[in-house]
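Down below is the structure, laid out as structure tokens.
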Amino acid sequence: MIKLANRPRLRRPSFASADAVGTFVAALALASAAHAFQAPTAGDLGYDIYDIVVNQGVKGPLGFVGGVAAFLFGVSRLFSNIMIGIPTIVAAVCLIRADSILQTFGMIV
């Protein structure tokens with residue numbers, strides 16, 4: 001039987017430096033420029049979709065009713081399961097105030 005006691009073991013490759021460089025590049029890319037979104041005007045490509053989804057959906061009566069319904073669902077679940085109730089209430093408030101939240105982050109809607 002052959003003994004291989006003095007043979008060096010192979011190590012796993014270390015990705016710590018690659019992770020650090022990738023994190024730095026991602027942070028630099030996100031911090032270097034303001035990410036602003038400007039709503040398309042009438043006649044632009046995708047204006048109809050934007051109008052239906054954002055203006056008539058999220059900022060319209062459908063978004064408000066959906067937000068209120070989600071809020072009420074969250075309140076009803078708050079007493080039985082708090083881990084479902086609190087995130088549902090937070091999501092409902094975010095849905096109701098979506099345009100203000102986007103403007104806070106620098107996106108023009």
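Letters for chains follow the order of the structure tokens (A, B, ...), residue numbers begin at 1 for each chain, and ligand numbers begin at 1 in the order shown.
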Distance query A:Pro40 at most 12 Å, only C-alpha atoms, self and fewer than 4 positions along chain excluded, as an MDAnalysis selection string: chainID A and resid 44:51 54:55 108:109
field: Contacts of A:Pro87 within 8 Å, only C-alpha atoms, excl. fewer than 4 positions in-chain, as a ChimeraX atom specification
entry: /A:74,83,91
Selected residues written out, all heavy atoms, as a compact mmCIF listing (two decimals), in the first residue's frame:
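Output contents, as saved in part_27.txt:
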```txt
# COMPACT_ATOMS: atom_id res chain seq x y z
N GLY A 74 -54.33 43.31 6.26
CA GLY A 74 -53.21 43.30 7.21
C GLY A 74 -53.65 43.51 8.64
O GLY A 74 -53.15 42.87 9.56
N MET A 83 -46.59 38.24 11.83
CA MET A 83 -45.55 38.21 10.79
C MET A 83 -46.15 38.39 9.40
O MET A 83 -45.43 38.67 8.45
CB MET A 83 -44.77 36.90 10.86
CG MET A 83 -44.01 36.74 12.16
SD MET A 83 -42.91 38.11 12.53
CE MET A 83 -41.65 37.85 11.33
N ALA A 91 -46.84 47.27 3.02
CA ALA A 91 -47.01 47.22 1.57
C ALA A 91 -48.23 48.01 1.13
O ALA A 91 -48.21 48.66 0.08
CB ALA A 91 -47.12 45.77 1.11
```
- request: Write out as a PyMOL selection string which residues come within 10 Å of A:Val90 when counting only C-alpha atoms, dropping same-chain ones fewer than 4 positions away.
  value: chain A and resi 67+70-71+74+85-86+94-95
Resulting file, chosen residues, N, CA, C and O atoms, as a PDB file, in the first residue's frame:
```pdb
ATOM      1  N   GLY A  67     -54.922  49.274  -2.150  1.00  0.00           N
ATOM      2  CA  GLY A  67     -54.170  49.622  -0.948  1.00  0.00           C
ATOM      3  C   GLY A  67     -55.020  49.555   0.306  1.00  0.00           C
ATOM      4  O   GLY A  67     -54.577  49.045   1.340  1.00  0.00           O
ATOM      5  N   ALA A  70     -55.712  45.868   1.039  1.00  0.00           N
ATOM      6  CA  ALA A  70     -54.529  45.235   1.628  1.00  0.00           C
ATOM      7  C   ALA A  70     -54.320  45.701   3.066  1.00  0.00           C
ATOM      8  O   ALA A  70     -53.926  44.912   3.931  1.00  0.00           O
ATOM      9  N   PHE A  71     -54.595  46.974   3.332  1.00  0.00           N
ATOM     10  CA  PHE A  71     -54.473  47.501   4.692  1.00  0.00           C
ATOM     11  C   PHE A  71     -55.453  46.809   5.632  1.00  0.00           C
ATOM     12  O   PHE A  71     -55.090  46.384   6.737  1.00  0.00           O
ATOM     13  N   GLY A  74     -54.328  43.306   6.265  1.00  0.00           N
ATOM     14  CA  GLY A  74     -53.211  43.297   7.205  1.00  0.00           C
ATOM     15  C   GLY A  74     -53.654  43.514   8.635  1.00  0.00           C
ATOM     16  O   GLY A  74     -53.147  42.873   9.562  1.00  0.00           O
ATOM     17  N   GLY A  85     -49.234  40.250   9.152  1.00  0.00           N
ATOM     18  CA  GLY A  85     -49.970  41.501   9.282  1.00  0.00           C
ATOM     19  C   GLY A  85     -49.134  42.748   9.065  1.00  0.00           C
ATOM     20  O   GLY A  85     -49.518  43.641   8.304  1.00  0.00           O
ATOM     21  N   ILE A  86     -47.981  42.821   9.690  1.00  0.00           N
ATOM     22  CA  ILE A  86     -47.157  44.035   9.611  1.00  0.00           C
ATOM     23  C   ILE A  86     -46.617  44.272   8.198  1.00  0.00           C
ATOM     24  O   ILE A  86     -46.741  45.387   7.679  1.00  0.00           O
ATOM     25  N   CYS A  94     -47.345  51.651   1.199  1.00  0.00           N
ATOM     26  CA  CYS A  94     -46.465  51.939   0.062  1.00  0.00           C
ATOM     27  C   CYS A  94     -47.251  52.005  -1.239  1.00  0.00           C
ATOM     28  O   CYS A  94     -46.937  52.812  -2.118  1.00  0.00           O
ATOM     29  N   LEU A  95     -48.260  51.176  -1.395  1.00  0.00           N
ATOM     30  CA  LEU A  95     -49.084  51.207  -2.602  1.00  0.00           C
ATOM     31  C   LEU A  95     -49.914  52.481  -2.670  1.00  0.00           C
ATOM     32  O   LEU A  95     -50.035  53.093  -3.732  1.00  0.00           O
TER      33      LEU A  95
END
```
- prompt: If you count only C-alpha atoms, which residues fall within 10 Å of stretch 59-63 of chain A, apart from same-chain ones fewer than 2 positions away, as a list in words?
  reply: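 Residues meeting the cut-off are Asp51, Ile52, Val53, Val54, Asn55, Gln56, Gly57, Val65, Gly66, Gly67, Val68, Ala69, Ala92, Leu95, Ile96, Arg97, Ala98 and Asp99 of chain A.
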Would you save the residues of that selection, restricted to all heavy atoms, as a compact mmCIF listing (two decimals), in the first residue's frame?
```
# COMPACT_ATOMS: atom_id res chain seq x y z
N ASP A 51 -49.50 54.84 -18.95
CA ASP A 51 -50.74 55.50 -18.56
C ASP A 51 -51.70 54.53 -17.88
O ASP A 51 -52.29 54.85 -16.85
CB ASP A 51 -51.40 56.14 -19.79
CG ASP A 51 -52.63 56.95 -19.41
OD1 ASP A 51 -52.55 57.70 -18.43
OD2 ASP A 51 -53.65 56.82 -20.12
N ILE A 52 -51.83 53.33 -18.45
CA ILE A 52 -52.74 52.35 -17.87
C ILE A 52 -52.24 51.85 -16.52
O ILE A 52 -52.99 51.80 -15.55
CB ILE A 52 -52.96 51.18 -18.85
CG1 ILE A 52 -53.73 51.66 -20.07
CG2 ILE A 52 -53.67 50.03 -18.17
CD1 ILE A 52 -53.79 50.65 -21.19
N VAL A 53 -50.96 51.51 -16.45
CA VAL A 53 -50.43 50.90 -15.22
C VAL A 53 -50.27 51.94 -14.11
O VAL A 53 -50.72 51.72 -12.98
CB VAL A 53 -49.09 50.18 -15.50
CG1 VAL A 53 -48.42 49.74 -14.22
CG2 VAL A 53 -49.30 49.01 -16.43
N VAL A 54 -49.64 53.07 -14.41
CA VAL A 54 -49.30 54.03 -13.35
C VAL A 54 -50.44 55.01 -13.09
O VAL A 54 -50.95 55.10 -11.96
CB VAL A 54 -47.99 54.78 -13.69
CG1 VAL A 54 -47.71 55.86 -12.66
CG2 VAL A 54 -46.85 53.80 -13.77
N ASN A 55 -50.86 55.74 -14.12
CA ASN A 55 -51.85 56.79 -13.89
C ASN A 55 -53.22 56.24 -13.53
O ASN A 55 -53.88 56.73 -12.62
CB ASN A 55 -51.96 57.69 -15.12
CG ASN A 55 -50.70 58.51 -15.32
OD1 ASN A 55 -49.97 58.78 -14.38
ND2 ASN A 55 -50.44 58.90 -16.55
N GLN A 56 -53.68 55.23 -14.27
CA GLN A 56 -55.02 54.70 -14.00
C GLN A 56 -55.01 53.56 -12.98
O GLN A 56 -56.03 53.29 -12.36
CB GLN A 56 -55.65 54.21 -15.31
CG GLN A 56 -55.87 55.33 -16.30
CD GLN A 56 -56.40 54.82 -17.63
OE1 GLN A 56 -56.74 53.66 -17.77
NE2 GLN A 56 -56.45 55.71 -18.61
N GLY A 57 -53.86 52.90 -12.82
CA GLY A 57 -53.80 51.77 -11.90
C GLY A 57 -53.30 52.15 -10.53
O GLY A 57 -54.06 52.21 -9.57
N VAL A 65 -58.06 51.53 -3.96
CA VAL A 65 -58.91 50.46 -3.44
C VAL A 65 -58.07 49.24 -3.07
O VAL A 65 -58.29 48.61 -2.03
CB VAL A 65 -60.01 50.10 -4.46
CG1 VAL A 65 -60.74 48.84 -4.06
CG2 VAL A 65 -60.99 51.26 -4.60
N GLY A 66 -57.08 48.90 -3.92
CA GLY A 66 -56.19 47.79 -3.59
C GLY A 66 -55.38 48.05 -2.33
O GLY A 66 -55.18 47.14 -1.52
N GLY A 67 -54.92 49.27 -2.15
CA GLY A 67 -54.17 49.62 -0.95
C GLY A 67 -55.02 49.56 0.31
O GLY A 67 -54.58 49.04 1.34
N VAL A 68 -56.25 50.06 0.22
CA VAL A 68 -57.15 50.00 1.38
C VAL A 68 -57.51 48.55 1.69
O VAL A 68 -57.55 48.15 2.86
CB VAL A 68 -58.41 50.86 1.13
CG1 VAL A 68 -59.45 50.62 2.20
CG2 VAL A 68 -58.03 52.34 1.09
N ALA A 69 -57.77 47.75 0.66
CA ALA A 69 -58.09 46.34 0.88
C ALA A 69 -56.91 45.60 1.51
O ALA A 69 -57.10 44.80 2.44
CB ALA A 69 -58.49 45.68 -0.44
N ALA A 92 -49.30 47.98 1.90
CA ALA A 92 -50.50 48.73 1.56
C ALA A 92 -50.24 50.24 1.61
O ALA A 92 -50.67 50.98 0.71
CB ALA A 92 -51.64 48.36 2.51
N LEU A 95 -48.26 51.18 -1.39
CA LEU A 95 -49.08 51.21 -2.60
C LEU A 95 -49.91 52.48 -2.67
O LEU A 95 -50.03 53.09 -3.73
CB LEU A 95 -50.00 49.98 -2.65
CG LEU A 95 -50.92 49.87 -3.86
CD1 LEU A 95 -50.10 49.77 -5.15
CD2 LEU A 95 -51.82 48.66 -3.73
N ILE A 96 -50.46 52.89 -1.54
CA ILE A 96 -51.28 54.11 -1.54
C ILE A 96 -50.43 55.34 -1.81
O ILE A 96 -50.84 56.24 -2.54
CB ILE A 96 -52.03 54.23 -0.19
CG1 ILE A 96 -53.08 53.12 -0.08
CG2 ILE A 96 -52.69 55.59 -0.06
CD1 ILE A 96 -53.74 53.02 1.27
N ARG A 97 -49.22 55.40 -1.27
CA ARG A 97 -48.36 56.57 -1.41
C ARG A 97 -47.20 56.32 -2.38
O ARG A 97 -46.12 56.86 -2.21
CB ARG A 97 -47.80 56.96 -0.04
CG ARG A 97 -48.84 57.26 1.01
CD ARG A 97 -49.68 58.44 0.68
NE ARG A 97 -48.82 59.61 0.63
CZ ARG A 97 -49.19 60.78 0.19
NH1 ARG A 97 -50.39 60.96 -0.24
NH2 ARG A 97 -48.35 61.78 0.16
N ALA A 98 -47.42 55.53 -3.43
CA ALA A 98 -46.34 55.15 -4.34
C ALA A 98 -45.72 56.35 -5.06
O ALA A 98 -44.51 56.43 -5.22
CB ALA A 98 -46.86 54.14 -5.36
N ASP A 99 -46.54 57.31 -5.50
CA ASP A 99 -45.98 58.45 -6.22
C ASP A 99 -45.11 59.32 -5.32
O ASP A 99 -44.06 59.81 -5.73
CB ASP A 99 -47.09 59.27 -6.87
CG ASP A 99 -48.15 59.72 -5.88
OD1 ASP A 99 -48.27 59.09 -4.82
OD2 ASP A 99 -48.86 60.70 -6.19
```
